[in-house]
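Inspection log for the structure reproduced underneath, given as structure tokens.
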Amino acid sequence: MSPARDRLEAERDELARLAPWAQASAESRGRIHAEAEHAYRTAFARDRDRVVHSRAFRRLQYKTQVFVPHEGDHYRNRLTHTLEGSQIARTLARTLRLNENLAEAIVLAHDLGHTPFGHAGEKVLDAVMREEGGFDHNRQTLRIVDWLEDRYPEFRGLNLTWEAREGILKHGCRWTHPVAVPEIGEQPSLEAQVADLSDEIAYLNHDLDDGIRSGLLDPTLLSSCSLWAETEQSVAARLDRDVDASILQAQVIVGLINRLVTDLIEATGRALDEARPKSVEQVRATKGRLVRYSKETGNLKRQLKEFLYTHLYQHPQVAAVSEEAANKLAGLYRAYSKAPERLPSHVVARFGEEGEARAIADYIAGMTDRFALAEHEKLLES
Ligand code: MG
């Protein structure tokens, strides 16, 4: 026996190890452009690696998750958010005997299409692009992996598998797209469902953490949130001495993530036990989602999410910074439309392809926060 494992062996290993409802690499529907398989990496491991090596992935480092007015090196950005989400997805996928590589690839890609300045930037681009089909970050993520990344001589995009693209697309496609779009069934794969909820667990928890640290969220207000209050009580009961407030806070976050992930594993296990899908195709034909929380925890999670919307995402200070950033992006769009000669030549070269507006939107959406601010200063403040 060779000491190294080849791809066929890795695929066989998956088929033996994964549940019948998992998406096996060997059963992928393949890629838009036919390619020879890799010698020892499975199709989904290759998807994951392509995402990590993309330019859009590296730019996540300088894009805001929640645009808090206090700059600091310890706050999350879209890259660290993505990494936290992907680790949660790996734990869930492994424990539920799903395809870890696929779930990981989907989470690593899921935020690539975000504009600078989070949802505030997305809203601006959607408004200025209204006549041209609007703007949506999921659509933009698919555009990036299918069309805008430019690394291969034979094709455009990253040429990811159908299954990774299905997970990225999430809710179907209501817009024109340059290449054929995956037809989504009732549900995407369980790996895609895991990816979705891992993203949510990651942001709920790190936004609580960052929100408190920034002083925008008052930790005493959080006791009105049952999930937080219960977790805090159980953490305090376990710690037999008075600890620093920051350690207590960190431990509550640890406890919260653990509680949500554990509940998801247990409730999903029960749902799978009941539904017993024999294949991923049966998963895709199921009416409701099988990856889910128990009713009780689902309600508590919803309450926590509402709390964050009210007290953090709509906080006057966050809203003020977001509004200022949004105005700057709108200004940039207008400035480029009026004076396209200010655009780099690679953007102008794309005008004929899908129109001037879409080429400018692609360019602005790809910017990091700091690049957008610098461009605004260069074009409009001098
Ligand atoms: Mg996300």
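Scheme for the structure tokens: letters A, B, ... for chains in order shown; per-chain residue numbers from 1; ligand numbers from 1 in order shown.
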Proximity of chain A to ligand 1: per-residue shortest pair, 12 Å limit, only C-alpha atoms and all ligand atoms, as JSON lines:
{"residue": "A:Leu60", "atom": "CA", "partner": "ligand 1", "partner_atom_place_in_ligand_line": "1 (Mg)", "distance": 10.9}
{"residue": "A:Lys63", "atom": "CA", "partner": "ligand 1", "partner_atom_place_in_ligand_line": "1 (Mg)", "distance": 11.7}
{"residue": "A:Thr64", "atom": "CA", "partner": "ligand 1", "partner_atom_place_in_ligand_line": "1 (Mg)", "distance": 10.9}
{"residue": "A:Gln65", "atom": "CA", "partner": "ligand 1", "partner_atom_place_in_ligand_line": "1 (Mg)", "distance": 8.1}
{"residue": "A:Val66", "atom": "CA", "partner": "ligand 1", "partner_atom_place_in_ligand_line": "1 (Mg)", "distance": 10.8}
{"residue": "A:Arg76", "atom": "CA", "partner": "ligand 1", "partner_atom_place_in_ligand_line": "1 (Mg)", "distance": 11.5}
{"residue": "A:Asn77", "atom": "CA", "partner": "ligand 1", "partner_atom_place_in_ligand_line": "1 (Mg)", "distance": 10.3}
{"residue": "A:Arg78", "atom": "CA", "partner": "ligand 1", "partner_atom_place_in_ligand_line": "1 (Mg)", "distance": 7.4}
{"residue": "A:Leu79", "atom": "CA", "partner": "ligand 1", "partner_atom_place_in_ligand_line": "1 (Mg)", "distance": 9.5}
{"residue": "A:Thr80", "atom": "CA", "partner": "ligand 1", "partner_atom_place_in_ligand_line": "1 (Mg)", "distance": 10.2}
{"residue": "A:His81", "atom": "CA", "partner": "ligand 1", "partner_atom_place_in_ligand_line": "1 (Mg)", "distance": 6.8}
{"residue": "A:Thr82", "atom": "CA", "partner": "ligand 1", "partner_atom_place_in_ligand_line": "1 (Mg)", "distance": 6.4}
{"residue": "A:Leu83", "atom": "CA", "partner": "ligand 1", "partner_atom_place_in_ligand_line": "1 (Mg)", "distance": 10.0}
{"residue": "A:Glu84", "atom": "CA", "partner": "ligand 1", "partner_atom_place_in_ligand_line": "1 (Mg)", "distance": 9.9}
{"residue": "A:Gly85", "atom": "CA", "partner": "ligand 1", "partner_atom_place_in_ligand_line": "1 (Mg)", "distance": 7.6}
{"residue": "A:Ser86", "atom": "CA", "partner": "ligand 1", "partner_atom_place_in_ligand_line": "1 (Mg)", "distance": 10.0}
{"residue": "A:Ile106", "atom": "CA", "partner": "ligand 1", "partner_atom_place_in_ligand_line": "1 (Mg)", "distance": 10.7}
{"residue": "A:Val107", "atom": "CA", "partner": "ligand 1", "partner_atom_place_in_ligand_line": "1 (Mg)", "distance": 7.8}
{"residue": "A:Leu108", "atom": "CA", "partner": "ligand 1", "partner_atom_place_in_ligand_line": "1 (Mg)", "distance": 9.2}
{"residue": "A:Ala109", "atom": "CA", "partner": "ligand 1", "partner_atom_place_in_ligand_line": "1 (Mg)", "distance": 9.3}
{"residue": "A:His110", "atom": "CA", "partner": "ligand 1", "partner_atom_place_in_ligand_line": "1 (Mg)", "distance": 6.3}
{"residue": "A:Asp111", "atom": "CA", "partner": "ligand 1", "partner_atom_place_in_ligand_line": "1 (Mg)", "distance": 5.3}
{"residue": "A:Leu112", "atom": "CA", "partner": "ligand 1", "partner_atom_place_in_ligand_line": "1 (Mg)", "distance": 9.1}
{"residue": "A:Gly113", "atom": "CA", "partner": "ligand 1", "partner_atom_place_in_ligand_line": "1 (Mg)", "distance": 10.2}
{"residue": "A:His114", "atom": "CA", "partner": "ligand 1", "partner_atom_place_in_ligand_line": "1 (Mg)", "distance": 8.9}
{"residue": "A:Gly118", "atom": "CA", "partner": "ligand 1", "partner_atom_place_in_ligand_line": "1 (Mg)", "distance": 10.0}
{"residue": "A:His119", "atom": "CA", "partner": "ligand 1", "partner_atom_place_in_ligand_line": "1 (Mg)", "distance": 10.9}
{"residue": "A:His137", "atom": "CA", "partner": "ligand 1", "partner_atom_place_in_ligand_line": "1 (Mg)", "distance": 10.2}
{"residue": "A:Asn138", "atom": "CA", "partner": "ligand 1", "partner_atom_place_in_ligand_line": "1 (Mg)", "distance": 10.3}
{"residue": "A:Thr141", "atom": "CA", "partner": "ligand 1", "partner_atom_place_in_ligand_line": "1 (Mg)", "distance": 11.4}
{"residue": "A:Ile168", "atom": "CA", "partner": "ligand 1", "partner_atom_place_in_ligand_line": "1 (Mg)", "distance": 11.2}
{"residue": "A:Ala195", "atom": "CA", "partner": "ligand 1", "partner_atom_place_in_ligand_line": "1 (Mg)", "distance": 9.6}
{"residue": "A:Asp196", "atom": "CA", "partner": "ligand 1", "partner_atom_place_in_ligand_line": "1 (Mg)", "distance": 8.4}
{"residue": "A:Leu197", "atom": "CA", "partner": "ligand 1", "partner_atom_place_in_ligand_line": "1 (Mg)", "distance": 9.7}
{"residue": "A:Ser198", "atom": "CA", "partner": "ligand 1", "partner_atom_place_in_ligand_line": "1 (Mg)", "distance": 8.8}
{"residue": "A:Asp199", "atom": "CA", "partner": "ligand 1", "partner_atom_place_in_ligand_line": "1 (Mg)", "distance": 5.0}
{"residue": "A:Glu200", "atom": "CA", "partner": "ligand 1", "partner_atom_place_in_ligand_line": "1 (Mg)", "distance": 7.0}
{"residue": "A:Ile201", "atom": "CA", "partner": "ligand 1", "partner_atom_place_in_ligand_line": "1 (Mg)", "distance": 9.7}
{"residue": "A:Ala202", "atom": "CA", "partner": "ligand 1", "partner_atom_place_in_ligand_line": "1 (Mg)", "distance": 8.0}
{"residue": "A:Tyr203", "atom": "CA", "partner": "ligand 1", "partner_atom_place_in_ligand_line": "1 (Mg)", "distance": 6.9}
{"residue": "A:Leu204", "atom": "CA", "partner": "ligand 1", "partner_atom_place_in_ligand_line": "1 (Mg)", "distance": 10.2}
{"residue": "A:His206", "atom": "CA", "partner": "ligand 1", "partner_atom_place_in_ligand_line": "1 (Mg)", "distance": 11.3}
{"residue": "A:Asp207", "atom": "CA", "partner": "ligand 1", "partner_atom_place_in_ligand_line": "1 (Mg)", "distance": 11.5}
### Message
So that I can see what lies close to Ala250 (chain A), please list as a VMD selection string the residues with an atom at most 12 Å from it, counting only C-alpha atoms and leaving out residues fewer than 5 positions away in the same chain.
### Response
chain A and resid 205 to 206 208 to 210 212 to 213 231 to 232 235 to 236 243 to 245 255 to 257
Please provide the set of residues having any atom within 6 Å of Arg284 (chain A), restricted to only C-alpha atoms, with same-chain residues fewer than 5 positions apart removed, written as a ChimeraX atom specification.
/A:185-188
Grab the residues selected above and save them as a PDB file, in the first residue's frame with all heavy atoms.
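Output (out-v8.pdb):
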ATOM      1  N   GLY A 185     -33.733  23.117  -5.484  1.00  0.00           N
ATOM      2  CA  GLY A 185     -34.949  22.379  -5.154  1.00  0.00           C
ATOM      3  C   GLY A 185     -35.668  23.039  -3.985  1.00  0.00           C
ATOM      4  O   GLY A 185     -35.518  24.231  -3.740  1.00  0.00           O
ATOM      5  N   GLU A 186     -36.439  22.259  -3.237  1.00  0.00           N
ATOM      6  CA  GLU A 186     -37.110  22.796  -2.049  1.00  0.00           C
ATOM      7  C   GLU A 186     -36.072  23.323  -1.061  1.00  0.00           C
ATOM      8  O   GLU A 186     -36.255  24.362  -0.439  1.00  0.00           O
ATOM      9  CB  GLU A 186     -37.933  21.694  -1.363  1.00  0.00           C
ATOM     10  CG  GLU A 186     -39.233  21.335  -2.068  1.00  0.00           C
ATOM     11  CD  GLU A 186     -40.283  22.427  -1.952  1.00  0.00           C
ATOM     12  OE1 GLU A 186     -40.223  23.235  -1.007  1.00  0.00           O
ATOM     13  OE2 GLU A 186     -41.169  22.463  -2.828  1.00  0.00           O
ATOM     14  N   GLN A 187     -34.998  22.557  -0.907  1.00  0.00           N
ATOM     15  CA  GLN A 187     -33.945  22.886   0.056  1.00  0.00           C
ATOM     16  C   GLN A 187     -32.593  22.640  -0.593  1.00  0.00           C
ATOM     17  O   GLN A 187     -32.476  21.792  -1.466  1.00  0.00           O
ATOM     18  CB  GLN A 187     -34.029  21.965   1.283  1.00  0.00           C
ATOM     19  CG  GLN A 187     -35.329  22.015   2.025  1.00  0.00           C
ATOM     20  CD  GLN A 187     -35.641  23.393   2.572  1.00  0.00           C
ATOM     21  OE1 GLN A 187     -34.739  24.189   2.820  1.00  0.00           O
ATOM     22  NE2 GLN A 187     -36.906  23.694   2.728  1.00  0.00           N
ATOM     23  N   PRO A 188     -31.570  23.336  -0.114  1.00  0.00           N
ATOM     24  CA  PRO A 188     -30.220  22.946  -0.543  1.00  0.00           C
ATOM     25  C   PRO A 188     -29.737  21.764   0.295  1.00  0.00           C
ATOM     26  O   PRO A 188     -30.465  21.290   1.184  1.00  0.00           O
ATOM     27  CB  PRO A 188     -29.404  24.206  -0.253  1.00  0.00           C
ATOM     28  CG  PRO A 188     -30.077  24.843   0.907  1.00  0.00           C
ATOM     29  CD  PRO A 188     -31.544  24.475   0.805  1.00  0.00           C
TER      30      PRO A 188
END
Pick out the residues sitting within 12 Å of Asp6 (chain A), and hand them over as a short mmCIF file (atom, residue, chain, number, x, y, z; two decimals) with C-alpha atoms, in the first residue's frame; count only C-alpha atoms, and ignore anything fewer than 4 positions along from it in its own chain.
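Printed below is out_3.cif as written:
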data_model
loop_
_atom_site.label_atom_id
_atom_site.label_comp_id
_atom_site.auth_asym_id
_atom_site.auth_seq_id
_atom_site.Cartn_x
_atom_site.Cartn_y
_atom_site.Cartn_z
CA MET A 1 0.00 0.00 0.00
CA SER A 2 1.25 3.47 -0.89
CA ALA A 10 -10.35 9.82 -0.21
CA GLU A 11 -13.68 9.51 -2.05
CA ARG A 12 -14.14 5.91 -0.94
CA ASP A 13 -13.30 6.93 2.59
CA GLU A 37 -10.03 15.71 -11.17
CA HIS A 38 -7.13 16.35 -8.83
CA ALA A 39 -4.69 13.57 -7.95
CA TYR A 40 -5.40 13.54 -4.21
CA ARG A 41 -7.84 16.33 -3.32
CA THR A 42 -11.58 15.72 -3.50
#
The residue from A:Ala16, A:Ala365, A:Leu379, A:Leu158 with the smallest atom-to-atom distance to Gly331 (chain A), counting only C-alpha atoms, is A:Leu379
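Among A:Val291, A:Ile253, A:Ala267, A:Ile184, the residue with the shortest atom-to-atom distance to Leu98 (chain A), counting only C-alpha atoms, is A:Val291.
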Near Cys225 (chain A), counting only C-alpha atoms, which residues have an atom at most 12 Å away, once you skip same-chain residues fewer than 3 positions from it, shown as a ChimeraX atom specification? /A:208,219-222,228-232,299-308,311
Worksheet item: Skipping near chain neighbours, those fewer than 4 positions away, what residues fall within 12 Å of Leu190 (chain A) using only C-alpha atoms, listed as an NGL selection string?
Response: :A and (19-24 or 89 or 92-94 or 96-100 or 102-103 or 106 or 163-164 or 166-167 or 170 or 186 or 194-197 or 268-269 or 271-272 or 277 or 279-286 or 288-292)
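The closest residue to Arg350 (chain A), picked from A:Val52, A:Ala127, A:Leu148, A:Ala180 and counting only C-alpha atoms, is A:Leu148.
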Give me every helix (DSSP H, G or I) residue in region 156-313 of chain A, going by DSSP on the backbone, as a PyMOL selection string.
chain A and resi 162-169+190-213+221-224+226-238+245-275+280-285+295-313
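Among the candidates A:Glu71, A:Ser28, A:Gly352, A:Leu217, the one nearest to Pro316 (chain A) when counting only C-alpha atoms is A:Leu217.
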Students should find that CA of Arg151 (chain A) and CA of Met367 (chain A) are spaced 18.5 Å
As a check of understanding: the span from CA of Lys295 (chain A) to CA of Val261 (chain A) is 14.2 Å
